[in-house]
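Student: I have a structure here, written as structure tokens, and I will follow up with some questions on it.
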Amino acid sequence: VRLRAGRYQMSGGHPTPLPHKRIVKKKTNKFKRHQSDEYVKVKESWRRPRGIDSRQRRRFKGLTLLVNIGYGSDKKTRHMQPGGFYKMTVATVKELEMLLMQNRTYAAEIAHNVSSRKRKEIVERAQQLNIKVLNASAKLKSEENE
């Protein structure tokens, strides 16, 4: 909820992100590897064409585009999540407390190898510190089954 003079109000217990530029992606579809549509053995993951006679390397008309620096995102919005936060991977409660002063810039993401018991502790502590957790509901068993 936006208030007067650019101030933001807390909504639903989670911190609101700081005001930021609109996130613009110059190219949303993936760069595909040359001839990946013709052969099963050539996977889609991007590889730069390096052949001496390669039509794609020589940028012939009608061929797929090459990856180059001009497709990069704006430095101010690079790695920003759609909600306006940057991700920080967290494995312990102590790591979570580093985000205390940055809770409107960074959101915590619990690492994949953290047990469900530790996850509960991290999520509870994040609520106390008012830090957004991106994957708070992951690996949580329902209370009825226990």
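In the structure tokens, chains take letters A, B, ... by order of appearance, with residues numbered from 1 within each chain and ligands from 1 in the order shown.
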Quick check for you: according to DSSP on this backbone, which residues of chain A are classed as strand (DSSP E)? Reply as a PDB file with all heavy atoms, in the first residue's frame.

Tutor:
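New file states08.pdb:
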ATOM      1  N   TYR A  86      15.772  -9.303  -3.853  1.00  0.00           N
ATOM      2  CA  TYR A  86      16.889 -10.127  -4.306  1.00  0.00           C
ATOM      3  C   TYR A  86      16.914 -11.373  -3.434  1.00  0.00           C
ATOM      4  O   TYR A  86      16.540 -11.329  -2.266  1.00  0.00           O
ATOM      5  CB  TYR A  86      18.221  -9.383  -4.168  1.00  0.00           C
ATOM      6  CG  TYR A  86      18.352  -8.210  -5.095  1.00  0.00           C
ATOM      7  CD1 TYR A  86      18.151  -6.920  -4.637  1.00  0.00           C
ATOM      8  CD2 TYR A  86      18.681  -8.395  -6.429  1.00  0.00           C
ATOM      9  CE1 TYR A  86      18.273  -5.842  -5.489  1.00  0.00           C
ATOM     10  CE2 TYR A  86      18.806  -7.319  -7.288  1.00  0.00           C
ATOM     11  CZ  TYR A  86      18.596  -6.038  -6.809  1.00  0.00           C
ATOM     12  OH  TYR A  86      18.704  -4.975  -7.660  1.00  0.00           O
ATOM     13  N   LYS A  87      17.376 -12.493  -3.991  1.00  0.00           N
ATOM     14  CA  LYS A  87      17.422 -13.762  -3.258  1.00  0.00           C
ATOM     15  C   LYS A  87      18.703 -13.883  -2.457  1.00  0.00           C
ATOM     16  O   LYS A  87      19.763 -13.487  -2.910  1.00  0.00           O
ATOM     17  CB  LYS A  87      17.401 -14.918  -4.250  1.00  0.00           C
ATOM     18  CG  LYS A  87      16.102 -15.654  -4.302  1.00  0.00           C
ATOM     19  CD  LYS A  87      16.248 -17.011  -4.922  1.00  0.00           C
ATOM     20  CE  LYS A  87      16.372 -16.992  -6.427  1.00  0.00           C
ATOM     21  NZ  LYS A  87      16.039 -18.273  -7.025  1.00  0.00           N
ATOM     22  N   MET A  88      18.599 -14.472  -1.268  1.00  0.00           N
ATOM     23  CA  MET A  88      19.777 -14.809  -0.473  1.00  0.00           C
ATOM     24  C   MET A  88      19.529 -16.208   0.077  1.00  0.00           C
ATOM     25  O   MET A  88      18.529 -16.435   0.764  1.00  0.00           O
ATOM     26  CB  MET A  88      19.930 -13.805   0.668  1.00  0.00           C
ATOM     27  CG  MET A  88      20.867 -14.219   1.747  1.00  0.00           C
ATOM     28  SD  MET A  88      22.486 -13.591   1.427  1.00  0.00           S
ATOM     29  CE  MET A  88      23.341 -14.150   2.871  1.00  0.00           C
ATOM     30  N   THR A  89      20.395 -17.149  -0.257  1.00  0.00           N
ATOM     31  CA  THR A  89      20.220 -18.521   0.210  1.00  0.00           C
ATOM     32  C   THR A  89      20.664 -18.621   1.658  1.00  0.00           C
ATOM     33  O   THR A  89      21.733 -18.134   2.021  1.00  0.00           O
ATOM     34  CB  THR A  89      21.032 -19.495  -0.662  1.00  0.00           C
ATOM     35  OG1 THR A  89      20.676 -19.271  -2.029  1.00  0.00           O
ATOM     36  CG2 THR A  89      20.704 -20.939  -0.315  1.00  0.00           C
ATOM     37  N   VAL A  90      19.822 -19.264   2.466  1.00  0.00           N
ATOM     38  CA  VAL A  90      20.037 -19.350   3.904  1.00  0.00           C
ATOM     39  C   VAL A  90      19.990 -20.805   4.327  1.00  0.00           C
ATOM     40  O   VAL A  90      19.103 -21.546   3.903  1.00  0.00           O
ATOM     41  CB  VAL A  90      18.936 -18.537   4.629  1.00  0.00           C
ATOM     42  CG1 VAL A  90      18.896 -18.842   6.094  1.00  0.00           C
ATOM     43  CG2 VAL A  90      19.119 -17.059   4.396  1.00  0.00           C
ATOM     44  N   TYR A 106      16.411  -7.751   0.462  1.00  0.00           N
ATOM     45  CA  TYR A 106      16.673  -9.176   0.259  1.00  0.00           C
ATOM     46  C   TYR A 106      15.571 -10.033   0.880  1.00  0.00           C
ATOM     47  O   TYR A 106      15.037  -9.697   1.934  1.00  0.00           O
ATOM     48  CB  TYR A 106      18.011  -9.575   0.885  1.00  0.00           C
ATOM     49  CG  TYR A 106      19.195  -9.064   0.113  1.00  0.00           C
ATOM     50  CD1 TYR A 106      19.765  -7.836   0.418  1.00  0.00           C
ATOM     51  CD2 TYR A 106      19.741  -9.798  -0.933  1.00  0.00           C
ATOM     52  CE1 TYR A 106      20.838  -7.349  -0.301  1.00  0.00           C
ATOM     53  CE2 TYR A 106      20.817  -9.318  -1.655  1.00  0.00           C
ATOM     54  CZ  TYR A 106      21.360  -8.097  -1.329  1.00  0.00           C
ATOM     55  OH  TYR A 106      22.423  -7.623  -2.049  1.00  0.00           O
ATOM     56  N   ALA A 107      15.277 -11.136   0.214  1.00  0.00           N
ATOM     57  CA  ALA A 107      14.369 -12.148   0.753  1.00  0.00           C
ATOM     58  C   ALA A 107      15.175 -13.428   0.914  1.00  0.00           C
ATOM     59  O   ALA A 107      16.072 -13.717   0.122  1.00  0.00           O
ATOM     60  CB  ALA A 107      13.209 -12.379  -0.195  1.00  0.00           C
ATOM     61  N   ALA A 108      14.881 -14.180   1.959  1.00  0.00           N
ATOM     62  CA  ALA A 108      15.603 -15.417   2.231  1.00  0.00           C
ATOM     63  C   ALA A 108      15.021 -16.555   1.407  1.00  0.00           C
ATOM     64  O   ALA A 108      13.815 -16.622   1.183  1.00  0.00           O
ATOM     65  CB  ALA A 108      15.523 -15.751   3.713  1.00  0.00           C
ATOM     66  N   GLU A 109      15.900 -17.441   0.966  1.00  0.00           N
ATOM     67  CA  GLU A 109      15.477 -18.683   0.331  1.00  0.00           C
ATOM     68  C   GLU A 109      16.195 -19.801   1.069  1.00  0.00           C
ATOM     69  O   GLU A 109      17.430 -19.805   1.117  1.00  0.00           O
ATOM     70  CB  GLU A 109      15.843 -18.698  -1.150  1.00  0.00           C
ATOM     71  CG  GLU A 109      15.334 -19.952  -1.843  1.00  0.00           C
ATOM     72  CD  GLU A 109      15.766 -20.008  -3.298  1.00  0.00           C
ATOM     73  OE1 GLU A 109      16.960 -19.868  -3.567  1.00  0.00           O
ATOM     74  OE2 GLU A 109      14.888 -20.220  -4.141  1.00  0.00           O
ATOM     75  N   ILE A 110      15.450 -20.714   1.659  1.00  0.00           N
ATOM     76  CA  ILE A 110      16.057 -21.788   2.446  1.00  0.00           C
ATOM     77  C   ILE A 110      16.713 -22.777   1.492  1.00  0.00           C
ATOM     78  O   ILE A 110      16.115 -23.190   0.499  1.00  0.00           O
ATOM     79  CB  ILE A 110      15.014 -22.482   3.339  1.00  0.00           C
ATOM     80  CG1 ILE A 110      14.325 -21.448   4.245  1.00  0.00           C
ATOM     81  CG2 ILE A 110      15.665 -23.562   4.182  1.00  0.00           C
ATOM     82  CD1 ILE A 110      13.141 -21.975   5.002  1.00  0.00           C
TER      83      ILE A 110
END

Student: Please provide as an NGL selection string all residues within 8 Å of region 13-29 of chain A, with the sequence filter that same-chain residues fewer than 5 positions apart are discarded (counting only C-alpha atoms).

Tutor: :A and (8 or 71-74 or 76-77 or 80 or 82-85 or 103-105 or 127 or 130-132)

Student: I'd like the interatomic distance between CA of Leu129 (chain A) and CA of His112 (chain A), to a tenth of an Å.

Tutor: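 If I compute the distance from CA of Leu129 (chain A) to CA of His112 (chain A), I get 21.7 Å.
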
Student: Pick out each residue of chain A that DSSP on the backbone tags as alpha helix (DSSP H); I need them as an mmCIF file with N, CA, C and O atoms, in the first residue's frame.

Tutor:
data_model
loop_
_atom_site.group_PDB
_atom_site.id
_atom_site.type_symbol
_atom_site.label_atom_id
_atom_site.label_comp_id
_atom_site.auth_asym_id
_atom_site.auth_seq_id
_atom_site.Cartn_x
_atom_site.Cartn_y
_atom_site.Cartn_z
ATOM 1 N N VAL A 93 19.787 -20.369 11.056
ATOM 2 C CA VAL A 93 19.132 -19.202 11.649
ATOM 3 C C VAL A 93 20.116 -18.038 11.744
ATOM 4 O O VAL A 93 19.748 -16.877 11.558
ATOM 5 N N LYS A 94 21.382 -18.353 12.012
ATOM 6 C CA LYS A 94 22.404 -17.309 12.135
ATOM 7 C C LYS A 94 22.583 -16.556 10.807
ATOM 8 O O LYS A 94 22.742 -15.328 10.796
ATOM 9 N N GLU A 95 22.543 -17.284 9.690
ATOM 10 C CA GLU A 95 22.649 -16.649 8.375
ATOM 11 C C GLU A 95 21.434 -15.761 8.101
ATOM 12 O O GLU A 95 21.551 -14.723 7.444
ATOM 13 N N LEU A 96 20.286 -16.176 8.612
ATOM 14 C CA LEU A 96 19.053 -15.407 8.425
ATOM 15 C C LEU A 96 19.159 -14.045 9.095
ATOM 16 O O LEU A 96 18.661 -13.048 8.576
ATOM 17 N N SER A 116 13.473 -30.536 7.512
ATOM 18 C CA SER A 116 12.192 -29.890 7.797
ATOM 19 C C SER A 116 12.163 -29.316 9.215
ATOM 20 O O SER A 116 11.521 -28.289 9.458
ATOM 21 N N ARG A 117 12.880 -29.949 10.155
ATOM 22 C CA ARG A 117 12.931 -29.433 11.539
ATOM 23 C C ARG A 117 13.624 -28.072 11.578
ATOM 24 O O ARG A 117 13.131 -27.123 12.193
ATOM 25 N N LYS A 118 14.769 -27.965 10.893
ATOM 26 C CA LYS A 118 15.505 -26.695 10.844
ATOM 27 C C LYS A 118 14.731 -25.646 10.044
ATOM 28 O O LYS A 118 14.787 -24.454 10.348
ATOM 29 N N ARG A 119 14.011 -26.102 9.011
ATOM 30 C CA ARG A 119 13.207 -25.185 8.202
ATOM 31 C C ARG A 119 12.175 -24.470 9.061
ATOM 32 O O ARG A 119 11.962 -23.271 8.919
ATOM 33 N N LYS A 120 11.515 -25.240 9.941
ATOM 34 C CA LYS A 120 10.504 -24.647 10.821
ATOM 35 C C LYS A 120 11.117 -23.556 11.684
ATOM 36 O O LYS A 120 10.540 -22.482 11.847
ATOM 37 N N GLU A 121 12.312 -23.831 12.237
ATOM 38 C CA GLU A 121 12.994 -22.845 13.080
ATOM 39 C C GLU A 121 13.318 -21.584 12.278
ATOM 40 O O GLU A 121 13.134 -20.460 12.773
ATOM 41 N N ILE A 122 13.802 -21.777 11.043
ATOM 42 C CA ILE A 122 14.169 -20.637 10.201
ATOM 43 C C ILE A 122 12.938 -19.798 9.861
ATOM 44 O O ILE A 122 12.967 -18.567 9.948
ATOM 45 N N VAL A 123 11.824 -20.461 9.519
ATOM 46 C CA VAL A 123 10.600 -19.745 9.156
ATOM 47 C C VAL A 123 10.047 -18.972 10.350
ATOM 48 O O VAL A 123 9.629 -17.809 10.219
ATOM 49 N N GLU A 124 10.076 -19.599 11.539
ATOM 50 C CA GLU A 124 9.586 -18.914 12.741
ATOM 51 C C GLU A 124 10.439 -17.679 13.059
ATOM 52 O O GLU A 124 9.919 -16.611 13.371
ATOM 53 N N ARG A 125 11.761 -17.839 12.975
ATOM 54 C CA ARG A 125 12.672 -16.716 13.264
ATOM 55 C C ARG A 125 12.510 -15.611 12.224
ATOM 56 O O ARG A 125 12.567 -14.426 12.555
ATOM 57 N N ALA A 126 12.248 -15.989 10.971
ATOM 58 C CA ALA A 126 12.046 -15.000 9.910
ATOM 59 C C ALA A 126 10.798 -14.165 10.174
ATOM 60 O O ALA A 126 10.782 -12.963 9.906
ATOM 61 N N GLN A 127 9.759 -14.795 10.710
ATOM 62 C CA GLN A 127 8.540 -14.049 11.047
ATOM 63 C C GLN A 127 8.819 -13.047 12.163
ATOM 64 O O GLN A 127 8.330 -11.921 12.131
ATOM 65 N N GLN A 128 9.630 -13.460 13.145
ATOM 66 C CA GLN A 128 9.980 -12.548 14.245
ATOM 67 C C GLN A 128 10.793 -11.358 13.735
ATOM 68 O O GLN A 128 10.600 -10.235 14.181
ATOM 69 N N LEU A 129 11.706 -11.626 12.808
ATOM 70 C CA LEU A 129 12.571 -10.569 12.271
ATOM 71 C C LEU A 129 11.936 -9.809 11.110
ATOM 72 O O LEU A 129 12.545 -8.887 10.581
#

Student: Using only C-alpha atoms, which of the listed residues (A:Lys75, A:Lys141, A:Lys32, A:Lys61) sits closest to Ser45 (chain A)?

Tutor: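 When distances to Ser45 (chain A) are compared using only C-alpha atoms, the smallest one comes from A:Lys32.
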
Student: Near Ser36 (chain A), within 10 Å and counting only C-alpha atoms, which residues show up once chain neighbours fewer than 5 positions away are dropped, as an NGL selection string?

Tutor: :A and (41-46)

Student: Could the residues in this selection be saved with C-alpha atoms as a compact mmCIF listing (two decimals), in the first residue's frame?

Tutor:
# COMPACT_ATOMS: atom_id res chain seq x y z
CA LYS A 41 21.99 -35.74 -30.12
CA VAL A 42 22.44 -31.94 -30.23
CA LYS A 43 20.84 -30.63 -27.04
CA GLU A 44 19.11 -27.23 -26.79
CA SER A 45 21.54 -25.74 -24.23
CA TRP A 46 23.47 -22.86 -25.75

Student: With only C-alpha atoms as the atoms that count, which of A:Ile69, A:Ala138, A:Leu63, A:Val114 lies nearest to Ala91 (chain A)?

Tutor: A:Val114

Student: Neighbouring residues of Leu66 (chain A) were defined as those with any atom within 8 Å, considering only C-alpha atoms; residues of the same chain fewer than 4 positions away were excluded. Please report them as number ranges by chain.

Tutor: A: 31, 48, 56-57, 59

Student: May I have the residues from that selection written out with C-alpha atoms, as a PDB file, in the first residue's frame?

Tutor:
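As written to disk, out-v5.pdb reads:
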ATOM      1  CA  PHE A  31      18.880 -18.914 -26.986  1.00  0.00           C
ATOM      2  CA  ARG A  48      28.719 -20.867 -29.304  1.00  0.00           C
ATOM      3  CA  GLN A  56      25.373 -18.987 -37.810  1.00  0.00           C
ATOM      4  CA  ARG A  57      28.763 -17.750 -36.564  1.00  0.00           C
ATOM      5  CA  ARG A  59      25.502 -14.184 -38.883  1.00  0.00           C
TER       6      ARG A  59
END

Student: Quick one: residues within 8 Å of His34 (chain A), only C-alpha atoms counted, chain neighbours fewer than 6 positions away excluded, as JSON, numbers by chain?

Tutor: {"A": [47, 49, 56, 64]}

Student: Hey, can you check how far CA of Gly70 (chain A) sits from CA of Arg50 (chain A)?

Tutor: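 We find that CA of Gly70 (chain A) and CA of Arg50 (chain A) lie 20.1 Å from each other.
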
Student: Using CA of Asn113 (chain A) and CA of Ala136 (chain A) as the two end points, give the distance in Å to one decimal.

Tutor: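 Here the two named atoms are 14.0 Å from each other.
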